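Q: My file is run_2.txt. It has compact mmCIF, C-alpha atoms:
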```txt
# COMPACT_ATOMS: atom_id res chain seq x y z
CA MET E 1 15.30 47.42 9.83
CA HIS E 2 18.01 46.87 7.26
CA PRO E 3 16.88 46.43 3.63
CA PRO E 4 16.87 42.84 2.37
CA GLN E 5 19.44 41.57 -0.09
CA VAL E 6 17.62 40.25 -3.15
CA VAL E 7 19.15 37.88 -5.72
CA PRO E 8 16.74 37.93 -8.72
CA TYR E 9 16.44 34.84 -10.89
CA TYR E 10 18.69 32.59 -8.82
CA HIS E 11 16.99 29.96 -10.92
CA ARG E 12 15.19 30.95 -14.14
CA ALA E 13 12.40 28.84 -15.62
CA SER E 14 13.31 27.14 -18.89
CA ARG E 15 9.90 27.80 -20.46
CA THR E 16 8.62 31.18 -21.68
CA PHE E 17 5.00 32.34 -21.48
CA GLU E 18 2.69 34.71 -23.35
CA GLN E 19 2.24 38.13 -21.78
CA ASN E 20 -1.52 37.72 -21.28
CA ASP E 21 -0.93 34.69 -19.05
CA ILE E 22 -1.09 34.76 -15.24
CA THR E 23 2.00 34.39 -13.05
CA VAL E 24 1.37 32.67 -9.73
CA THR E 25 3.54 34.44 -7.14
CA THR E 26 4.35 32.86 -3.79
CA LEU E 27 6.96 32.63 -1.06
CA VAL E 28 8.66 29.57 0.34
CA THR E 29 10.50 29.10 3.61
CA PHE E 30 12.38 25.90 4.39
CA ASN E 31 9.51 24.15 6.20
CA PRO E 32 7.08 24.04 3.22
CA PHE E 33 9.72 22.61 0.83
CA LYS E 34 7.98 19.23 0.76
CA VAL E 35 4.69 20.96 0.03
CA CYS E 36 6.32 22.89 -2.83
CA SER E 37 7.82 19.72 -4.31
CA GLY E 38 4.30 18.31 -4.72
CA LEU E 39 3.08 21.15 -6.94
CA THR E 40 1.37 20.07 -10.15
CA ILE E 41 1.04 23.60 -11.52
CA VAL E 42 1.52 24.17 -15.25
CA CYS E 43 1.84 27.94 -15.31
CA PRO E 44 4.51 30.61 -14.78
CA ILE E 45 5.50 30.87 -11.12
CA SER E 46 7.56 33.55 -9.40
CA VAL E 47 8.83 32.36 -6.01
CA THR E 48 10.66 34.24 -3.30
CA HIS E 49 12.74 31.90 -1.15
CA THR E 50 14.46 32.41 2.20
CA PRO E 51 17.28 30.04 1.53
CA LEU E 52 18.93 26.93 2.58
CA LEU E 53 20.70 26.65 -0.74
CA ASP E 54 21.58 22.96 -0.80
CA ALA E 55 17.97 21.98 -0.16
CA LEU E 56 16.83 24.38 -2.87
CA ARG E 57 19.22 22.89 -5.45
CA ASP E 58 18.09 19.37 -4.56
CA LEU E 59 14.45 20.40 -5.00
CA CYS E 60 15.10 21.86 -8.46
CA VAL E 61 16.94 18.70 -9.56
CA SER E 62 14.37 16.25 -8.16
CA THR E 63 11.28 18.14 -9.40
CA PRO E 64 11.28 18.70 -13.18
CA ALA E 65 8.29 21.07 -13.03
CA MET E 66 10.33 23.44 -10.84
CA SER E 67 13.02 23.74 -13.52
CA THR E 68 10.44 24.27 -16.26
CA TYR E 69 7.96 26.69 -14.73
CA VAL E 70 9.47 28.41 -11.71
CA ASP E 71 11.60 31.56 -11.45
CA ILE E 72 13.25 31.54 -8.00
CA HIS E 73 14.51 34.73 -6.35
CA LEU E 74 16.52 34.61 -3.14
CA VAL E 75 15.92 37.08 -0.33
CA PHE E 76 18.38 37.44 2.55
CA THR E 77 17.07 39.35 5.57
CA LEU E 78 18.33 40.02 9.08
CA PHE E 79 14.82 39.48 10.44
CA ASP E 80 12.55 36.51 9.86
CA ARG E 81 8.98 36.47 8.48
CA GLN E 82 9.03 39.73 6.49
CA LEU E 83 6.20 38.17 4.52
CA ASN E 84 4.91 41.15 2.56
CA THR E 85 8.43 42.12 1.50
CA TRP E 86 8.86 38.62 0.11
CA ARG E 87 5.45 38.75 -1.59
CA ASN E 88 6.34 42.06 -3.26
CA THR E 89 9.64 40.64 -4.53
CA ALA E 90 7.87 37.71 -6.20
CA HIS E 91 5.29 40.15 -7.63
CA LEU E 92 7.97 42.50 -8.97
CA PHE E 93 9.66 39.76 -10.98
CA SER E 94 6.50 38.09 -12.31
CA CYS E 95 6.87 37.57 -16.05
CA THR E 96 3.35 38.29 -17.36
CA LYS E 97 0.82 41.15 -17.38
CA PHE E 98 -1.34 39.46 -14.74
CA ALA E 99 -0.39 37.93 -11.42
CA MET E 100 -1.92 36.20 -8.43
CA MET E 101 -0.40 35.73 -5.00
CA LEU E 102 -1.12 32.16 -3.88
CA ASP E 103 0.19 30.50 -0.74
CA VAL E 104 2.36 27.54 -1.65
CA ASP E 105 0.28 25.10 0.41
CA PHE E 106 -2.81 25.43 -1.83
CA ILE E 107 -3.58 22.93 -4.60
CA ILE E 108 -4.71 24.33 -7.96
CA CYS E 109 -7.69 22.16 -8.86
CA THR E 110 -8.98 23.70 -12.13
CA ASN E 111 -7.62 25.54 -15.14
CA PHE E 112 -8.45 29.06 -13.96
CA ARG E 113 -5.84 30.54 -16.30
CA SER E 114 -7.63 29.42 -19.47
CA ALA E 115 -10.97 30.68 -18.14
CA THR E 116 -9.47 34.07 -17.31
CA ARG E 117 -7.65 34.43 -20.63
CA ALA E 118 -10.83 33.46 -22.51
CA SER E 119 -12.68 36.33 -20.81
CA LEU E 120 -10.19 39.09 -21.66
CA GLU E 121 -12.30 40.47 -24.53
CA VAL E 122 -15.59 40.62 -22.61
CA LYS E 123 -16.53 43.19 -19.96
CA ILE E 124 -14.82 41.58 -16.96
CA GLY E 125 -11.68 40.98 -18.99
CA ARG E 126 -11.56 44.56 -20.22
CA ILE E 127 -11.78 46.05 -16.73
CA LEU E 128 -9.18 43.52 -15.54
CA LYS E 129 -6.82 44.74 -18.28
CA GLU E 130 -7.61 48.35 -17.32
CA GLU E 131 -6.75 47.38 -13.71
CA HIS E 132 -10.14 48.43 -12.41
CA ALA E 133 -11.02 44.91 -11.23
CA ALA E 134 -9.57 41.77 -9.70
CA ILE E 135 -10.85 38.21 -10.16
CA VAL E 136 -11.35 36.08 -7.05
CA VAL E 137 -10.61 32.34 -7.25
CA PRO E 138 -12.36 30.71 -4.26
CA ALA E 139 -10.19 28.77 -1.82
CA PHE E 140 -11.30 26.03 0.54
CA GLU E 141 -9.94 23.85 3.28
CA TYR E 142 -11.49 20.97 5.15
CA VAL E 143 -13.20 22.87 7.95
CA THR E 144 -16.79 22.96 9.17
CA GLN E 145 -17.07 26.63 10.10
CA TYR E 146 -16.33 29.92 8.38
CA HIS E 147 -13.12 31.62 9.54
CA PRO E 148 -13.33 35.45 9.47
CA ALA E 149 -9.58 35.86 8.94
CA TYR E 150 -9.55 33.84 5.71
CA GLU E 151 -7.94 35.74 2.86
CA PRO E 152 -9.13 35.42 -0.78
CA TYR E 153 -6.77 34.86 -3.70
CA VAL E 154 -7.21 37.23 -6.62
CA ILE E 155 -5.92 37.73 -10.17
CA PHE E 156 -4.90 41.31 -10.91
CA GLY E 157 -2.93 43.44 -13.34
CA LYS E 158 0.75 43.38 -12.44
CA GLU E 159 1.15 47.17 -12.65
CA GLY E 160 -2.03 48.04 -10.73
CA PRO E 161 -2.52 48.99 -7.06
CA SER E 162 -1.70 45.47 -5.92
CA TRP E 163 1.48 45.78 -3.85
CA TYR E 164 1.58 44.35 -0.36
CA GLN E 165 1.79 46.89 2.44
CA LEU E 166 4.96 46.72 4.52
CA ASN E 167 2.99 47.24 7.73
CA PRO E 168 3.96 45.31 10.83
CA SER E 169 1.04 42.89 10.56
CA GLN E 170 2.41 41.40 7.28
CA LYS E 171 -1.12 40.30 6.32
CA SER E 172 -1.78 39.74 2.63
CA ALA E 173 -5.32 40.98 3.24
CA ALA E 174 -3.85 44.48 3.66
CA CYS E 175 -3.22 44.56 -0.09
CA LEU E 176 -6.78 43.52 -0.91
CA TYR E 177 -8.25 46.07 1.49
CA GLU E 178 -6.36 48.90 -0.20
CA MET E 179 -7.36 47.62 -3.66
CA TYR E 180 -11.00 47.74 -2.52
CA LEU E 181 -10.70 51.28 -1.18
CA SER E 182 -9.07 52.40 -4.44
CA GLY E 183 -12.34 51.55 -6.23
CA MET E 184 -11.47 48.16 -7.71
CA SER E 185 -14.25 45.62 -8.21
CA PHE E 186 -13.91 41.98 -7.18
CA CYS E 187 -15.54 39.34 -9.40
CA VAL E 188 -15.65 35.65 -8.47
CA LEU E 189 -14.47 33.18 -11.11
CA ALA E 190 -17.25 30.59 -11.03
CA ASN E 191 -16.49 26.86 -11.25
CA HIS E 192 -12.82 27.27 -10.26
CA PHE E 193 -11.22 26.80 -6.85
CA PHE E 194 -8.15 25.96 -4.75
CA VAL E 195 -7.93 23.54 -1.82
CA HIS E 196 -5.61 23.92 1.15
CA GLN E 197 -3.31 21.01 2.03
CA SER E 198 -2.37 20.60 5.67
CA HIS E 199 1.25 20.63 6.85
CA ALA E 200 3.30 21.58 9.90
CA TYR E 201 3.41 25.30 10.70
CA GLU E 202 5.81 27.48 12.66
CA GLU E 203 3.23 27.62 15.41
CA GLU E 204 5.28 29.58 17.95
CA ALA E 205 5.92 32.42 15.50
CA ARG E 206 2.34 32.34 14.21
CA THR E 207 0.90 32.51 17.74
CA LEU E 208 2.93 35.61 18.58
CA GLU E 209 1.98 37.22 15.27
CA ARG E 210 -1.73 36.63 15.77
CA LYS E 211 -1.59 38.21 19.21
CA SER E 212 -0.02 41.45 17.94
CA ASN E 213 -1.67 41.53 14.51
CA ARG E 214 -5.23 42.08 15.69
CA LYS E 215 -4.57 45.60 16.96
CA ILE E 216 -1.93 46.47 14.33
CA TYR E 217 -4.13 45.45 11.42
CA GLN E 218 -7.16 47.30 12.79
CA ASP E 219 -5.08 50.47 13.13
CA PHE E 220 -3.77 49.98 9.59
CA LYS E 221 -7.28 49.68 8.13
CA GLU E 222 -8.40 52.86 9.88
CA GLU E 223 -5.34 54.80 8.66
CA VAL E 224 -5.71 53.64 5.04
CA TYR E 225 -9.44 54.37 5.08
CA LEU E 226 -8.78 57.93 6.23
CA LEU E 227 -6.12 58.29 3.53
CA PHE E 228 -8.60 57.43 0.78
CA VAL E 229 -11.37 59.57 2.32
CA LEU E 230 -9.12 62.61 2.65
CA ARG E 231 -7.31 62.25 -0.68
CA PRO E 232 -10.21 63.69 -2.80
CA LEU E 233 -10.36 66.69 -0.48
CA THR E 234 -6.63 67.28 -0.88
CA ASP E 235 -6.85 66.91 -4.66
CA ASP E 236 -9.68 69.45 -4.81
CA ASP E 237 -7.62 71.91 -2.80
CA VAL E 238 -4.75 71.58 -5.28
```
Before anything else, please render the file you have as structure tokens.
A:
Amino acid sequence: MHPPQVVPYYHRASRTFEQNDITVTTLVTFNPFKVCSGLTIVCPISVTHTPLLDALRDLCVSTPAMSTYVDIHLVFTLFDRQLNTWRNTAHLFSCTKFAMMLDVDFIICTNFRSATRASLEVKIGRILKEEHAAIVVPAFEYVTQYHPAYEPYVIFGKEGPSWYQLNPSQKSAACLYEMYLSGMSFCVLANHFFVHQSHAYEEEARTLERKSNRKIYQDFKEEVYLLFVLRPLTDDDV
């Protein structure tokens, strides 16, 4: 696969933020543009976009919050749906010490940023700053049964072990699994949550991905688990 061409800061947010804030990182393809235009987020946002440039310019002009809060980075790829590559690009260019990858079709319902920043001097905040922990913000959608493939959204230190694996499954859960194996703790931020908003999906592509991902992701988890089990043995030998 050829490396992607990345255009950082195609659009730069007009507002600046304190370093102990939390950058929401996400990715946007053309289909969720209308979802993105409805964002009511007041926080720094780092977005990777696979472009249709005219539509992107129109969105920035018609949505003042986009111009104020969002850094947009363009990614040109020969192959579609390189999701974890796009997630890593948004993560790389996040503008604060803490970040959280959030799918663009989730609504932020509470001020989780203030709650997190207020806790930075207590125990959970200290281990977050030391990058030994991640904070989980619960996410919900209007369903009646638990879905085992649901992926949590977490706040983490930007420089910690929080990069998304470029494995063929492209699952964001791969990042969280490796964070867990590295020894990080996960603490739930009580009284704060996101809600999923429904929209049209690229169902054909998603169906093919689900079919192949089950085996690929299981193999990935086994390989990463063995890596972390064997690493202490290798270190002792050295």
Q: To one decimal place, how far is atom CA of Met101 of chain E from atom CA of Gly160 of chain E in Å?
A: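 Rounded to one decimal, the two atoms are 13.7 Å apart.
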Q: Between E:Ala55, E:Leu83, E:Met66, E:Cys60, which is the closest to Thr26 of chain E once you count all atoms listed in the file?
A: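 Nearest to Thr26 of chain E: E:Leu83.
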Q: Would you mind reading off the distance between atom CA of Leu128 of chain E and atom CA of Thr48 of chain E, one decimal, in Å?
A: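 Taking atom CA of Leu128 of chain E as the start and atom CA of Thr48 of chain E as the end point, the length is 25.1 Å.
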Q: Please report, as JSON, the centre and edge lengths in Å to one decimal of an axis-aligned box covering all listed atoms of segment 102-115 of chain E with 8 Å per side.
A:
```
{"center_x": -4.3, "center_y": 27.2, "center_z": -9.5, "size_x": 29.3, "size_y": 26.0, "size_z": 35.9}
```
Q: Name the closest residue to Asp80 of chain E among the candidates E:Leu227, E:Glu222, E:Ile45, E:Glu209; distances are taken between atoms, counting only C-alpha atoms.
A: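 Distance minimum relative to Asp80 of chain E lands on E:Glu209.
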Q: Just how far from atom CA of Val47 of chain E is atom CA of Leu27 of chain E, in Å to one decimal?
A: 5.3 Å
Q: Which is closer to Ser172 of chain E than all the others in E:Gln82, E:Ser67, E:Asn20, E:Ser14, using only C-alpha atoms?
A: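 So, comparing all the options, the nearest one is E:Gln82.
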Q: Counting only C-alpha atoms, figure out which residue out of E:Ile127, E:Glu151, E:Cys109, E:Trp163 gets nearest to Phe193 of chain E.
A: E:Cys109
Q: Tell me which of E:Phe156, E:Phe93, E:Trp86, E:Tyr9 sits closest to Asp21 of chain E, counting all atoms listed in the file.
A: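 Under the stated criterion, the closest residue is E:Phe156.
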Q: Could you check which of E:Leu176, E:Val224, E:Val75, E:Val104 is closest to Ala134 of chain E, using only C-alpha atoms?
A: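 Going through E:Leu176, E:Val224, E:Val75, E:Val104 one by one, the smallest distance to Ala134 of chain E is for E:Leu176.
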Q: Residues within 9 Å of Tyr153 of chain E, please, as a list in words. Count only C-alpha atoms; anything in the same chain fewer than 6 positions from it doesn't count.
A: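 These residues fall inside the cut-off: Met100, Met101, Leu102, Asp103, Ile135, Val136, Val137, Pro138 and Ala139 of chain E.
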Q: Please identify all polymer residues within 12 Å of Thr16 of chain E, counting all atoms listed in the file, omitting same-chain residues fewer than 4 positions from it, and present them as an mmCIF file with C-alpha atoms, in the frame of the given file.
A:
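The resulting file, around_20.cif, is shown below:
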```
data_model
loop_
_atom_site.group_PDB
_atom_site.id
_atom_site.type_symbol
_atom_site.label_atom_id
_atom_site.label_comp_id
_atom_site.auth_asym_id
_atom_site.auth_seq_id
_atom_site.Cartn_x
_atom_site.Cartn_y
_atom_site.Cartn_z
ATOM 1 C CA ARG E 12 15.190 30.950 -14.140
ATOM 2 C CA ASP E 21 -0.930 34.690 -19.050
ATOM 3 C CA THR E 23 2.000 34.390 -13.050
ATOM 4 C CA VAL E 42 1.520 24.170 -15.250
ATOM 5 C CA CYS E 43 1.840 27.940 -15.310
ATOM 6 C CA PRO E 44 4.510 30.610 -14.780
ATOM 7 C CA ILE E 45 5.500 30.870 -11.120
ATOM 8 C CA SER E 67 13.020 23.740 -13.520
ATOM 9 C CA THR E 68 10.440 24.270 -16.260
ATOM 10 C CA TYR E 69 7.960 26.690 -14.730
ATOM 11 C CA VAL E 70 9.470 28.410 -11.710
ATOM 12 C CA ASP E 71 11.600 31.560 -11.450
ATOM 13 C CA SER E 94 6.500 38.090 -12.310
ATOM 14 C CA CYS E 95 6.870 37.570 -16.050
ATOM 15 C CA THR E 96 3.350 38.290 -17.360
#
```
Q: Could you add the missing atoms to segment 85-96 of chain E, up to all heavy atoms, and return them as an mmCIF file, keeping the file's coordinate frame?
A:
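Now in selection32.cif:
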```cif
data_model
loop_
_atom_site.group_PDB
_atom_site.id
_atom_site.type_symbol
_atom_site.label_atom_id
_atom_site.label_comp_id
_atom_site.auth_asym_id
_atom_site.auth_seq_id
_atom_site.Cartn_x
_atom_site.Cartn_y
_atom_site.Cartn_z
ATOM 1 N N THR E 85 7.245 41.805 2.297
ATOM 2 C CA THR E 85 8.430 42.120 1.500
ATOM 3 C C THR E 85 8.714 40.994 0.527
ATOM 4 O O THR E 85 9.006 41.226 -0.657
ATOM 5 C CB THR E 85 9.656 42.338 2.418
ATOM 6 O OG1 THR E 85 9.411 43.460 3.271
ATOM 7 C CG2 THR E 85 10.911 42.604 1.596
ATOM 8 N N TRP E 86 8.618 39.769 0.982
ATOM 9 C CA TRP E 86 8.860 38.620 0.110
ATOM 10 C C TRP E 86 7.787 38.519 -0.966
ATOM 11 O O TRP E 86 8.071 38.198 -2.123
ATOM 12 C CB TRP E 86 8.911 37.336 0.935
ATOM 13 C CG TRP E 86 9.932 37.376 2.035
ATOM 14 C CD1 TRP E 86 11.014 38.217 2.128
ATOM 15 C CD2 TRP E 86 9.965 36.558 3.206
ATOM 16 N NE1 TRP E 86 11.715 37.973 3.292
ATOM 17 C CE2 TRP E 86 11.109 36.960 3.974
ATOM 18 C CE3 TRP E 86 9.173 35.527 3.689
ATOM 19 C CZ2 TRP E 86 11.441 36.356 5.178
ATOM 20 C CZ3 TRP E 86 9.508 34.927 4.891
ATOM 21 C CH2 TRP E 86 10.629 35.337 5.627
ATOM 22 N N ARG E 87 6.531 38.780 -0.596
ATOM 23 C CA ARG E 87 5.450 38.750 -1.590
ATOM 24 C C ARG E 87 5.688 39.798 -2.684
ATOM 25 O O ARG E 87 5.491 39.540 -3.872
ATOM 26 C CB ARG E 87 4.111 39.011 -0.905
ATOM 27 C CG ARG E 87 3.642 37.872 -0.001
ATOM 28 C CD ARG E 87 2.336 38.207 0.689
ATOM 29 N NE ARG E 87 1.870 37.085 1.493
ATOM 30 C CZ ARG E 87 1.651 37.127 2.801
ATOM 31 N NH1 ARG E 87 1.849 38.259 3.470
ATOM 32 N NH2 ARG E 87 1.236 36.068 3.443
ATOM 33 N N ASN E 88 6.097 40.995 -2.271
ATOM 34 C CA ASN E 88 6.340 42.060 -3.260
ATOM 35 C C ASN E 88 7.495 41.708 -4.194
ATOM 36 O O ASN E 88 7.482 42.069 -5.372
ATOM 37 C CB ASN E 88 6.626 43.375 -2.546
ATOM 38 C CG ASN E 88 5.375 44.058 -2.050
ATOM 39 O OD1 ASN E 88 4.278 43.791 -2.536
ATOM 40 N ND2 ASN E 88 5.516 44.938 -1.082
ATOM 41 N N THR E 89 8.514 41.032 -3.680
ATOM 42 C CA THR E 89 9.640 40.640 -4.530
ATOM 43 C C THR E 89 9.180 39.667 -5.600
ATOM 44 O O THR E 89 9.517 39.818 -6.788
ATOM 45 C CB THR E 89 10.752 40.001 -3.679
ATOM 46 O OG1 THR E 89 11.169 40.917 -2.665
ATOM 47 C CG2 THR E 89 11.945 39.625 -4.543
ATOM 48 N N ALA E 90 8.392 38.663 -5.220
ATOM 49 C CA ALA E 90 7.870 37.710 -6.200
ATOM 50 C C ALA E 90 6.976 38.421 -7.221
ATOM 51 O O ALA E 90 7.013 38.136 -8.420
ATOM 52 C CB ALA E 90 7.099 36.597 -5.499
ATOM 53 N N HIS E 91 6.169 39.372 -6.745
ATOM 54 C CA HIS E 91 5.290 40.150 -7.630
ATOM 55 C C HIS E 91 6.115 40.974 -8.618
ATOM 56 O O HIS E 91 5.829 40.997 -9.820
ATOM 57 C CB HIS E 91 4.418 41.056 -6.755
ATOM 58 C CG HIS E 91 3.463 41.911 -7.517
ATOM 59 N ND1 HIS E 91 2.508 42.669 -6.894
ATOM 60 C CD2 HIS E 91 3.310 42.167 -8.838
ATOM 61 C CE1 HIS E 91 1.811 43.338 -7.794
ATOM 62 N NE2 HIS E 91 2.281 43.041 -8.981
ATOM 63 N N LEU E 92 7.147 41.636 -8.127
ATOM 64 C CA LEU E 92 7.970 42.500 -8.970
ATOM 65 C C LEU E 92 8.554 41.749 -10.155
ATOM 66 O O LEU E 92 8.615 42.278 -11.270
ATOM 67 C CB LEU E 92 9.100 43.112 -8.127
ATOM 68 C CG LEU E 92 10.113 43.984 -8.880
ATOM 69 C CD1 LEU E 92 9.438 45.237 -9.428
ATOM 70 C CD2 LEU E 92 11.280 44.354 -7.961
ATOM 71 N N PHE E 93 8.984 40.509 -9.930
ATOM 72 C CA PHE E 93 9.660 39.760 -10.980
ATOM 73 C C PHE E 93 8.723 38.788 -11.714
ATOM 74 O O PHE E 93 9.201 37.925 -12.454
ATOM 75 C CB PHE E 93 10.846 38.992 -10.387
ATOM 76 C CG PHE E 93 11.930 39.890 -9.876
ATOM 77 C CD1 PHE E 93 12.211 39.970 -8.519
ATOM 78 C CD2 PHE E 93 12.659 40.682 -10.748
ATOM 79 C CE1 PHE E 93 13.204 40.809 -8.047
ATOM 80 C CE2 PHE E 93 13.658 41.525 -10.282
ATOM 81 C CZ PHE E 93 13.927 41.588 -8.929
ATOM 82 N N SER E 94 7.420 38.938 -11.537
ATOM 83 C CA SER E 94 6.500 38.090 -12.310
ATOM 84 C C SER E 94 6.646 38.440 -13.792
ATOM 85 O O SER E 94 6.904 39.581 -14.160
ATOM 86 C CB SER E 94 5.059 38.284 -11.834
ATOM 87 O OG SER E 94 4.660 39.636 -11.923
ATOM 88 N N CYS E 95 6.468 37.439 -14.648
ATOM 89 C CA CYS E 95 6.870 37.570 -16.050
ATOM 90 C C CYS E 95 5.715 37.830 -17.002
ATOM 91 O O CYS E 95 5.910 37.829 -18.221
ATOM 92 C CB CYS E 95 7.631 36.319 -16.482
ATOM 93 S SG CYS E 95 6.654 34.784 -16.372
ATOM 94 N N THR E 96 4.502 38.064 -16.498
ATOM 95 C CA THR E 96 3.350 38.290 -17.360
ATOM 96 C C THR E 96 2.595 39.534 -16.901
ATOM 97 O O THR E 96 2.895 40.116 -15.863
ATOM 98 C CB THR E 96 2.404 37.075 -17.326
ATOM 99 O OG1 THR E 96 1.996 36.843 -15.959
ATOM 100 C CG2 THR E 96 3.101 35.824 -17.852
#
```
